[in-house]
file final_15.cif (mmCIF, C-alpha atoms and all ligand atoms)
data_target
#
loop_
_atom_site.label_atom_id
_atom_site.label_comp_id
_atom_site.auth_asym_id
_atom_site.auth_seq_id
_atom_site.Cartn_x
_atom_site.Cartn_y
_atom_site.Cartn_z
CA MET O 1 -34.82 6.52 -56.14
CA LYS O 2 -32.36 6.28 -53.28
CA ASN O 3 -30.51 3.07 -52.61
CA ASN O 4 -31.05 2.09 -48.97
CA LYS O 5 -29.54 -1.38 -49.07
CA THR O 6 -26.08 0.05 -49.51
CA VAL O 7 -23.98 1.56 -46.75
CA VAL O 8 -21.54 4.21 -47.88
CA ILE O 9 -18.48 4.97 -45.80
CA TYR O 10 -16.95 8.39 -46.44
CA PRO O 11 -13.53 8.13 -44.78
CA GLY O 12 -10.96 10.86 -44.26
CA SER O 13 -8.73 12.68 -41.81
CA PHE O 14 -11.13 15.66 -41.80
CA ASP O 15 -8.43 17.81 -40.15
CA PRO O 16 -10.51 19.94 -40.44
CA ILE O 17 -13.70 19.24 -42.39
CA THR O 18 -14.06 21.71 -45.29
CA ASN O 19 -16.81 22.93 -47.61
CA GLY O 20 -15.28 20.60 -50.21
CA HIS O 21 -15.91 17.58 -47.95
CA LEU O 22 -19.47 18.77 -47.29
CA ASP O 23 -20.11 19.23 -51.00
CA VAL O 24 -19.00 15.65 -51.70
CA LEU O 25 -21.07 14.43 -48.75
CA GLU O 26 -24.21 16.14 -50.14
CA ARG O 27 -23.66 14.27 -53.40
CA ILE O 28 -23.41 10.96 -51.56
CA ILE O 29 -26.53 11.65 -49.49
CA GLY O 30 -28.34 12.52 -52.72
CA THR O 31 -28.00 8.91 -53.85
CA TYR O 32 -27.66 6.77 -50.73
CA ASP O 33 -29.63 6.73 -47.48
CA LYS O 34 -27.11 5.14 -45.18
CA VAL O 35 -23.96 7.19 -44.97
CA ILE O 36 -21.19 7.05 -42.39
CA CYS O 37 -18.51 9.72 -42.13
CA ALA O 38 -15.54 7.89 -40.67
CA ILE O 39 -12.55 9.76 -39.29
CA GLY O 40 -9.32 7.81 -39.70
CA GLU O 41 -7.04 8.04 -36.68
CA ASN O 42 -3.40 7.21 -37.39
CA SER O 43 -0.99 7.55 -34.45
CA ASP O 44 1.91 8.22 -36.88
CA LYS O 45 0.21 11.33 -38.26
CA ASN O 46 0.40 14.79 -36.73
CA TYR O 47 -3.09 16.23 -36.74
CA LEU O 48 -3.87 19.86 -35.93
CA PHE O 49 -7.14 18.87 -34.25
CA SER O 50 -7.49 15.98 -31.82
CA LEU O 51 -9.87 13.17 -32.70
CA ASP O 52 -12.41 14.58 -30.21
CA ASN O 53 -12.18 18.01 -31.86
CA ARG O 54 -12.61 16.51 -35.32
CA LEU O 55 -15.60 14.46 -34.17
CA ASP O 56 -17.10 17.59 -32.60
CA MET O 57 -16.63 19.62 -35.82
CA MET O 58 -18.15 16.79 -37.79
CA HIS O 59 -21.20 16.53 -35.50
CA HIS O 60 -21.74 20.28 -35.84
CA THR O 61 -21.49 20.41 -39.61
CA VAL O 62 -22.81 17.24 -41.28
CA PRO O 63 -26.54 16.65 -41.86
CA LYS O 64 -28.30 14.86 -39.00
CA ASN O 65 -29.05 11.74 -41.04
CA VAL O 66 -25.33 11.01 -41.44
CA ARG O 67 -23.63 8.78 -38.88
CA VAL O 68 -20.31 10.04 -37.59
CA ASN O 69 -17.70 7.58 -36.46
CA SER O 70 -13.94 7.05 -36.21
CA PHE O 71 -11.63 4.14 -36.81
CA LYS O 72 -8.07 3.09 -36.08
CA GLY O 73 -6.13 0.70 -38.30
CA LEU O 74 -7.05 -0.37 -41.80
CA LEU O 75 -10.06 1.02 -43.61
CA ILE O 76 -10.89 -2.44 -44.96
CA ASP O 77 -11.10 -3.80 -41.39
CA TYR O 78 -13.41 -0.95 -40.42
CA ALA O 79 -15.56 -1.67 -43.49
CA LYS O 80 -15.72 -5.32 -42.43
CA THR O 81 -17.02 -4.28 -38.99
CA VAL O 82 -19.65 -2.03 -40.60
CA LYS O 83 -20.72 -4.93 -42.83
CA ARG O 84 -21.02 -7.30 -39.87
CA GLU O 85 -22.99 -4.79 -37.79
CA THR O 86 -25.38 -3.43 -40.42
CA ARG O 87 -25.75 -6.39 -42.82
CA PRO O 88 -26.30 -4.32 -45.99
CA ASP O 89 -26.26 -5.78 -49.51
CA LYS O 90 -23.25 -3.68 -50.31
CA VAL O 91 -20.63 -1.51 -48.63
CA LEU O 92 -19.06 1.31 -50.65
CA ILE O 93 -16.18 3.64 -49.92
CA ALA O 94 -16.71 7.17 -51.26
CA ARG O 95 -13.82 9.55 -51.87
CA GLY O 96 -13.66 13.04 -53.30
CA ILE O 97 -11.43 13.53 -56.36
CA ARG O 98 -10.33 17.06 -57.15
CA MET O 99 -7.71 16.51 -59.83
CA ASN O 100 -5.41 13.97 -61.49
CA SER O 101 -3.04 13.76 -58.53
CA ASP O 102 -5.94 12.78 -56.23
CA PHE O 103 -7.05 10.17 -58.73
CA GLU O 104 -3.62 8.55 -58.85
CA GLU O 105 -3.41 8.31 -55.06
CA GLU O 106 -6.97 7.02 -54.73
CA LEU O 107 -6.49 4.42 -57.43
CA LYS O 108 -3.37 3.09 -55.70
CA MET O 109 -5.23 2.94 -52.39
CA THR O 110 -8.28 1.32 -53.98
CA LEU O 111 -6.24 -1.36 -55.73
CA ASN O 112 -4.26 -2.17 -52.58
CA ASN O 113 -7.47 -2.39 -50.58
CA ARG O 114 -9.18 -4.44 -53.27
CA LYS O 115 -6.41 -7.01 -53.24
CA LEU O 116 -7.09 -7.60 -49.54
CA CYS O 117 -10.84 -7.08 -49.57
CA PRO O 118 -12.40 -7.86 -52.98
CA TRP O 119 -16.06 -7.39 -51.88
CA LEU O 120 -15.54 -3.72 -51.00
CA ASP O 121 -16.30 -1.24 -53.78
CA TYR O 122 -15.45 2.43 -54.38
CA ARG O 123 -17.05 5.59 -55.73
CA TYR O 124 -15.02 8.67 -56.65
CA LEU O 125 -16.88 11.96 -56.63
CA PRO O 126 -15.67 15.35 -57.87
CA PRO O 127 -16.78 18.37 -55.82
CA SER O 128 -18.31 21.50 -57.35
CA GLN O 129 -15.89 23.32 -59.63
CA GLY O 130 -15.71 26.28 -57.26
CA LEU O 131 -14.36 24.05 -54.50
CA ILE O 132 -11.68 22.14 -56.42
CA HIS O 133 -8.91 24.18 -54.76
CA VAL O 134 -10.06 23.43 -51.20
CA ASN O 135 -7.58 21.36 -49.24
CA SER O 136 -7.36 20.90 -45.45
CA ARG O 137 -3.58 21.29 -45.53
CA PHE O 138 -3.73 24.72 -47.19
CA ILE O 139 -6.60 25.76 -44.91
CA LYS O 140 -4.34 25.06 -41.91
CA ASP O 141 -1.33 26.85 -43.47
CA ILE O 142 -3.32 29.98 -44.25
CA ALA O 143 -5.04 30.03 -40.84
CA LYS O 144 -1.70 29.61 -39.06
CA MET O 145 0.26 32.14 -41.09
CA ASN O 146 -2.43 34.81 -41.18
CA PRO O 147 -5.40 34.27 -38.83
CA LYS O 148 -7.01 37.44 -40.25
CA ARG O 149 -7.69 35.38 -43.39
CA ILE O 150 -9.70 32.68 -41.57
CA ASN O 151 -13.03 34.30 -42.53
CA GLN O 152 -12.15 33.90 -46.21
CA LEU O 153 -11.54 30.16 -45.97
CA ASP O 154 -13.90 27.57 -47.50
CA VAL O 155 -14.83 25.89 -44.23
CA PRO O 156 -18.08 25.95 -42.22
CA LYS O 157 -18.61 28.75 -39.69
CA TYR O 158 -18.08 26.38 -36.78
CA VAL O 159 -14.68 25.31 -38.16
CA LYS O 160 -13.69 28.98 -38.63
CA GLN O 161 -14.45 29.47 -34.94
CA LYS O 162 -12.25 26.50 -34.00
CA LEU O 163 -9.40 27.74 -36.23
CA LYS O 164 -9.66 31.17 -34.57
CA GLU O 165 -9.48 29.52 -31.14
CA LYS O 166 -6.20 27.89 -32.25
CA TYR O 167 -4.64 30.81 -34.08
CA GLY O 168 -6.78 33.93 -33.67
O1 LIG O 201 -8.40 12.71 -45.73
P1 LIG O 201 -7.30 11.76 -46.04
O2 LIG O 201 -6.08 12.06 -45.21
O3 LIG O 201 -7.00 11.66 -47.50
O4 LIG O 201 -7.83 10.32 -45.55
C1 LIG O 201 -7.04 9.20 -45.72
C2 LIG O 201 -7.68 7.92 -45.14
C3 LIG O 201 -7.97 8.08 -43.66
C4 LIG O 201 -8.95 7.59 -45.88
C5 LIG O 201 -6.61 6.82 -45.42
O5 LIG O 201 -5.36 7.24 -44.92
C6 LIG O 201 -6.96 5.48 -44.82
O6 LIG O 201 -7.76 4.75 -45.38
N1 LIG O 201 -6.37 5.19 -43.66
C7 LIG O 201 -6.55 3.95 -42.96
C8 LIG O 201 -5.30 3.08 -43.06
C9 LIG O 201 -5.34 2.19 -44.28
O7 LIG O 201 -6.30 1.51 -44.55
N2 LIG O 201 -4.23 2.20 -45.02
C10 LIG O 201 -4.04 1.39 -46.20
C11 LIG O 201 -4.32 2.18 -47.45
S1 LIG O 201 -4.01 1.22 -48.88
#
call {"tool": "encode", "arguments": {"input": "final_15.cif", "output": "structure tokens"}}
result
Amino acid sequence: MKNNKTVVIYPGSFDPITNGHLDVLERIIGTYDKVICAIGENSDKNYLFSLDNRLDMMHHTVPKNVRVNSFKGLLIDYAKTVKRETRPDKVLIARGIRMNSDFEEELKMTLNNRKLCPWLDYRYLPPSQGLIHVNSRFIKDIAKMNPKRINQLDVPKYVKQKLKEKYG
């Protein structure tokens, strides 16, 4: 049975959203009813796609029952806003974990966040084995260096189109 008293925030840069992200998202939706994909916007980071572009790609690719949103500043502050607005029993942060290096980074982030916001909890989800290699950074490198390879990339059709508009 699905848990509908919990809100799950799936945060990320999503620059761009990949089939790996969507695989993890499907796993979250399989267990929880209320899911928010939240795009983190950090003015110190150089994104390939603007926030509007990333929101647009998200709206075109995630299932309709998923809320799409963005946030600036700390994730814990965004989670606090979600808690105040939706009044769930619990708020969870979901993150995809592909390999050990991801786990180390996520654990550091989780423990730092937990120190500041003890009520917030975390779920780490591995994607399907066939998508472990998928990484937005490599997607962008490959698309930039050889746009002819864009069709081979593990991203939704709509994202391929957007990559071709940039580099094709
Ligand atoms: O897809 P990414 O780049 O791994 O997503 C990272 C994201 C956006 C989840 C992370 O950078 C984040 O939570 N940013 C908000 C700023 C913040 O809370 N920083 C403190 C982390 S301990």
call {"tool": "residues_near_point", "arguments": {"input": "final_15.cif", "point": "(-23.2, 17.5, -39.8)", "cutoff": "12 Å", "atoms": "all atoms listed in the file", "output": "PyMOL selection string"}}
result
chain O and resi 17-19+21-23+25-26+29+35-37+54-69+156+158-159
call {"tool": "residues_near_ligand", "arguments": {"input": "final_15.cif", "ligand": "ligand LIG 201 (chain O)", "cutoff": "7 Å", "atoms": "only C-alpha atoms and all ligand atoms", "output": "list of chain:residue names"}}
result
O:Pro11, O:Gly12, O:Ser13, O:Phe14, O:Ile39, O:Gly40, O:Gly73, O:Leu74, O:Leu75, O:Ile76, O:Met109, O:Thr110, O:Asn112, O:Asn113
call {"tool": "axis_aligned_box", "arguments": {"input": "final_15.cif", "around": "region 110-127 of chain O", "padding_each_side": "4 Å", "output": "JSON"}}
result
{"center_x": -10.7, "center_y": 5.3, "center_z": -53.7, "size_x": 20.8, "size_y": 34.2, "size_z": 16.3}
call {"tool": "atom_distance", "arguments": {"input": "final_15.cif", "atom1": "CA of Lys157 (chain O)", "atom2": "CA of Ser136 (chain O)"}}
result
14.9 Å
call {"tool": "closest_residue", "arguments": {"input": "final_15.cif", "among": "O:Pro88, O:Val8, O:Pro16, O:Thr81", "to": "Gln161 (chain O)", "atoms": "only C-alpha atoms"}}
result
O:Pro16
call {"tool": "atom_distance", "arguments": {"input": "final_15.cif", "atom1": "CA of Ile97 (chain O)", "atom2": "CA of Leu125 (chain O)"}}
result
5.7 Å
call {"tool": "atom_distance", "arguments": {"input": "final_15.cif", "atom1": "CA of Ile150 (chain O)", "atom2": "CA of Asp15 (chain O)"}}
result
15.0 Å
call {"tool": "closest_residue", "arguments": {"input": "final_15.cif", "among": "O:Arg123, O:Lys45, O:Lys72, O:His133", "to": "Met99 (chain O)", "atoms": "only C-alpha atoms"}}
result
O:His133
call {"tool": "residues_around", "arguments": {"input": "final_15.cif", "residues": "Leu153 (chain O)", "least_positions_apart": "6", "cutoff": "9 Å", "atoms": "only C-alpha atoms", "output": "list in words"}}
result
Thr18, Val134, Ile139, Ile142, Ala143 and Lys160 of chain O
call {"tool": "write_last_selection", "arguments": {"input": "final_15.cif", "atoms": "C-alpha atoms", "output": "PDB file, in the coordinates of the input"}}
result
ATOM      1  CA  THR O  18     -14.060  21.710 -45.290  1.00  0.00           C
ATOM      2  CA  VAL O 134     -10.060  23.430 -51.200  1.00  0.00           C
ATOM      3  CA  ILE O 139      -6.600  25.760 -44.910  1.00  0.00           C
ATOM      4  CA  ILE O 142      -3.320  29.980 -44.250  1.00  0.00           C
ATOM      5  CA  ALA O 143      -5.040  30.030 -40.840  1.00  0.00           C
ATOM      6  CA  LYS O 160     -13.690  28.980 -38.630  1.00  0.00           C
TER       7      LYS O 160
END
call {"tool": "residues_near_point", "arguments": {"input": "final_15.cif", "point": "(-7.4, 30.4, -38.5)", "cutoff": "8 Å", "atoms": "all atoms listed in the file", "output": "list in words"}}
result
Ile139, Lys140, Ile142, Ala143, Lys144, Asn146, Pro147, Lys148, Arg149, Ile150, Asn151, Lys160, Gln161, Lys162, Leu163, Lys164, Glu165, Lys166, Tyr167 and Gly168 of chain O
call {"tool": "closest_residue", "arguments": {"input": "final_15.cif", "among": "O:Gln152, O:Leu120, O:Arg137, O:Pro127", "to": "Tyr47 (chain O)", "atoms": "all atoms listed in the file"}}
result
O:Arg137
call {"tool": "residues_around", "arguments": {"input": "final_15.cif", "residues": "Asp89 (chain O)", "least_positions_apart": "6", "cutoff": "9 Å", "atoms": "all atoms listed in the file", "output": "ChimeraX atom specification"}}
result
/O:5-7,83
call {"tool": "write_last_selection", "arguments": {"input": "final_15.cif", "atoms": "C-alpha atoms", "output": "PDB file, in the frame of the given file"}}
result
ATOM      1  CA  LYS O   5     -29.540  -1.380 -49.070  1.00  0.00           C
ATOM      2  CA  THR O   6     -26.080   0.050 -49.510  1.00  0.00           C
ATOM      3  CA  VAL O   7     -23.980   1.560 -46.750  1.00  0.00           C
ATOM      4  CA  LYS O  83     -20.720  -4.930 -42.830  1.00  0.00           C
TER       5      LYS O  83
END
call {"tool": "build_atoms", "arguments": {"input": "final_15.cif", "residues": "region 99-110 of chain O", "atoms": "all heavy atoms", "output": "PDB file, keeping the file's coordinate frame"}}
result
ATOM      1  N   MET O  99      -8.504  16.432 -58.598  1.00  0.00           N
ATOM      2  CA  MET O  99      -7.710  16.510 -59.830  1.00  0.00           C
ATOM      3  C   MET O  99      -6.917  15.227 -60.037  1.00  0.00           C
ATOM      4  O   MET O  99      -7.020  14.302 -59.236  1.00  0.00           O
ATOM      5  CB  MET O  99      -6.817  17.738 -59.825  1.00  0.00           C
ATOM      6  CG  MET O  99      -6.114  17.983 -58.520  1.00  0.00           C
ATOM      7  SD  MET O  99      -5.481  19.656 -58.411  1.00  0.00           S
ATOM      8  CE  MET O  99      -6.914  20.538 -57.790  1.00  0.00           C
ATOM      9  N   ASN O 100      -6.124  15.201 -61.126  1.00  0.00           N
ATOM     10  CA  ASN O 100      -5.410  13.970 -61.490  1.00  0.00           C
ATOM     11  C   ASN O 100      -4.605  13.380 -60.341  1.00  0.00           C
ATOM     12  O   ASN O 100      -4.590  12.170 -60.143  1.00  0.00           O
ATOM     13  CB  ASN O 100      -4.424  14.253 -62.629  1.00  0.00           C
ATOM     14  CG  ASN O 100      -5.133  14.261 -63.953  1.00  0.00           C
ATOM     15  OD1 ASN O 100      -6.338  13.995 -64.006  1.00  0.00           O
ATOM     16  ND2 ASN O 100      -4.415  14.586 -65.013  1.00  0.00           N
ATOM     17  N   SER O 101      -3.914  14.252 -59.595  1.00  0.00           N
ATOM     18  CA  SER O 101      -3.040  13.760 -58.530  1.00  0.00           C
ATOM     19  C   SER O 101      -3.861  13.007 -57.475  1.00  0.00           C
ATOM     20  O   SER O 101      -3.415  11.987 -56.948  1.00  0.00           O
ATOM     21  CB  SER O 101      -2.245  14.897 -57.907  1.00  0.00           C
ATOM     22  OG  SER O 101      -3.120  15.943 -57.570  1.00  0.00           O
ATOM     23  N   ASP O 102      -5.058  13.498 -57.177  1.00  0.00           N
ATOM     24  CA  ASP O 102      -5.940  12.780 -56.230  1.00  0.00           C
ATOM     25  C   ASP O 102      -6.288  11.413 -56.796  1.00  0.00           C
ATOM     26  O   ASP O 102      -6.266  10.407 -56.105  1.00  0.00           O
ATOM     27  CB  ASP O 102      -7.268  13.540 -56.032  1.00  0.00           C
ATOM     28  CG  ASP O 102      -7.135  14.706 -55.065  1.00  0.00           C
ATOM     29  OD1 ASP O 102      -6.087  14.815 -54.410  1.00  0.00           O
ATOM     30  OD2 ASP O 102      -8.099  15.487 -54.966  1.00  0.00           O
ATOM     31  N   PHE O 103      -6.615  11.414 -58.105  1.00  0.00           N
ATOM     32  CA  PHE O 103      -7.050  10.170 -58.730  1.00  0.00           C
ATOM     33  C   PHE O 103      -5.961   9.102 -58.633  1.00  0.00           C
ATOM     34  O   PHE O 103      -6.220   7.949 -58.295  1.00  0.00           O
ATOM     35  CB  PHE O 103      -7.455  10.404 -60.190  1.00  0.00           C
ATOM     36  CG  PHE O 103      -7.824   9.129 -60.878  1.00  0.00           C
ATOM     37  CD1 PHE O 103      -8.999   8.465 -60.561  1.00  0.00           C
ATOM     38  CD2 PHE O 103      -6.964   8.562 -61.813  1.00  0.00           C
ATOM     39  CE1 PHE O 103      -9.322   7.251 -61.173  1.00  0.00           C
ATOM     40  CE2 PHE O 103      -7.284   7.352 -62.421  1.00  0.00           C
ATOM     41  CZ  PHE O 103      -8.459   6.701 -62.101  1.00  0.00           C
ATOM     42  N   GLU O 104      -4.729   9.518 -58.895  1.00  0.00           N
ATOM     43  CA  GLU O 104      -3.620   8.550 -58.850  1.00  0.00           C
ATOM     44  C   GLU O 104      -3.476   7.938 -57.460  1.00  0.00           C
ATOM     45  O   GLU O 104      -3.326   6.728 -57.305  1.00  0.00           O
ATOM     46  CB  GLU O 104      -2.310   9.230 -59.244  1.00  0.00           C
ATOM     47  CG  GLU O 104      -2.197   9.433 -60.738  1.00  0.00           C
ATOM     48  CD  GLU O 104      -0.925  10.153 -61.130  1.00  0.00           C
ATOM     49  OE1 GLU O 104       0.035  10.142 -60.346  1.00  0.00           O
ATOM     50  OE2 GLU O 104      -0.911  10.738 -62.229  1.00  0.00           O
ATOM     51  N   GLU O 105      -3.545   8.794 -56.447  1.00  0.00           N
ATOM     52  CA  GLU O 105      -3.410   8.310 -55.060  1.00  0.00           C
ATOM     53  C   GLU O 105      -4.571   7.382 -54.701  1.00  0.00           C
ATOM     54  O   GLU O 105      -4.391   6.321 -54.100  1.00  0.00           O
ATOM     55  CB  GLU O 105      -3.419   9.503 -54.084  1.00  0.00           C
ATOM     56  CG  GLU O 105      -2.064  10.106 -53.851  1.00  0.00           C
ATOM     57  CD  GLU O 105      -0.980   9.073 -53.532  1.00  0.00           C
ATOM     58  OE1 GLU O 105      -1.109   8.370 -52.512  1.00  0.00           O
ATOM     59  OE2 GLU O 105      -0.015   8.955 -54.308  1.00  0.00           O
ATOM     60  N   GLU O 106      -5.775   7.805 -55.077  1.00  0.00           N
ATOM     61  CA  GLU O 106      -6.970   7.020 -54.730  1.00  0.00           C
ATOM     62  C   GLU O 106      -6.947   5.662 -55.421  1.00  0.00           C
ATOM     63  O   GLU O 106      -7.317   4.646 -54.837  1.00  0.00           O
ATOM     64  CB  GLU O 106      -8.245   7.775 -55.106  1.00  0.00           C
ATOM     65  CG  GLU O 106      -8.505   8.991 -54.265  1.00  0.00           C
ATOM     66  CD  GLU O 106      -8.483   8.715 -52.770  1.00  0.00           C
ATOM     67  OE1 GLU O 106      -9.000   7.670 -52.319  1.00  0.00           O
ATOM     68  OE2 GLU O 106      -7.941   9.552 -52.026  1.00  0.00           O
ATOM     69  N   LEU O 107      -6.514   5.679 -56.692  1.00  0.00           N
ATOM     70  CA  LEU O 107      -6.490   4.420 -57.430  1.00  0.00           C
ATOM     71  C   LEU O 107      -5.514   3.441 -56.783  1.00  0.00           C
ATOM     72  O   LEU O 107      -5.825   2.256 -56.598  1.00  0.00           O
ATOM     73  CB  LEU O 107      -6.121   4.680 -58.898  1.00  0.00           C
ATOM     74  CG  LEU O 107      -6.203   3.459 -59.799  1.00  0.00           C
ATOM     75  CD1 LEU O 107      -7.625   2.886 -59.841  1.00  0.00           C
ATOM     76  CD2 LEU O 107      -5.758   3.792 -61.217  1.00  0.00           C
ATOM     77  N   LYS O 108      -4.356   3.965 -56.360  1.00  0.00           N
ATOM     78  CA  LYS O 108      -3.370   3.090 -55.700  1.00  0.00           C
ATOM     79  C   LYS O 108      -3.970   2.510 -54.418  1.00  0.00           C
ATOM     80  O   LYS O 108      -3.835   1.325 -54.129  1.00  0.00           O
ATOM     81  CB  LYS O 108      -2.106   3.901 -55.349  1.00  0.00           C
ATOM     82  CG  LYS O 108      -1.152   4.061 -56.515  1.00  0.00           C
ATOM     83  CD  LYS O 108       0.151   4.683 -56.063  1.00  0.00           C
ATOM     84  CE  LYS O 108       0.068   6.191 -56.142  1.00  0.00           C
ATOM     85  NZ  LYS O 108       1.288   6.894 -55.753  1.00  0.00           N
ATOM     86  N   MET O 109      -4.650   3.385 -53.657  1.00  0.00           N
ATOM     87  CA  MET O 109      -5.230   2.940 -52.390  1.00  0.00           C
ATOM     88  C   MET O 109      -6.343   1.911 -52.643  1.00  0.00           C
ATOM     89  O   MET O 109      -6.408   0.871 -51.999  1.00  0.00           O
ATOM     90  CB  MET O 109      -5.811   4.156 -51.641  1.00  0.00           C
ATOM     91  CG  MET O 109      -5.691   4.055 -50.154  1.00  0.00           C
ATOM     92  SD  MET O 109      -5.642   5.687 -49.387  1.00  0.00           S
ATOM     93  CE  MET O 109      -7.309   6.251 -49.576  1.00  0.00           C
ATOM     94  N   THR O 110      -7.175   2.220 -53.634  1.00  0.00           N
ATOM     95  CA  THR O 110      -8.280   1.320 -53.980  1.00  0.00           C
ATOM     96  C   THR O 110      -7.759  -0.060 -54.367  1.00  0.00           C
ATOM     97  O   THR O 110      -8.257  -1.089 -53.900  1.00  0.00           O
ATOM     98  CB  THR O 110      -9.109   1.906 -55.150  1.00  0.00           C
ATOM     99  OG1 THR O 110      -9.739   3.099 -54.693  1.00  0.00           O
ATOM    100  CG2 THR O 110     -10.160   0.937 -55.641  1.00  0.00           C
TER     101      THR O 110
END
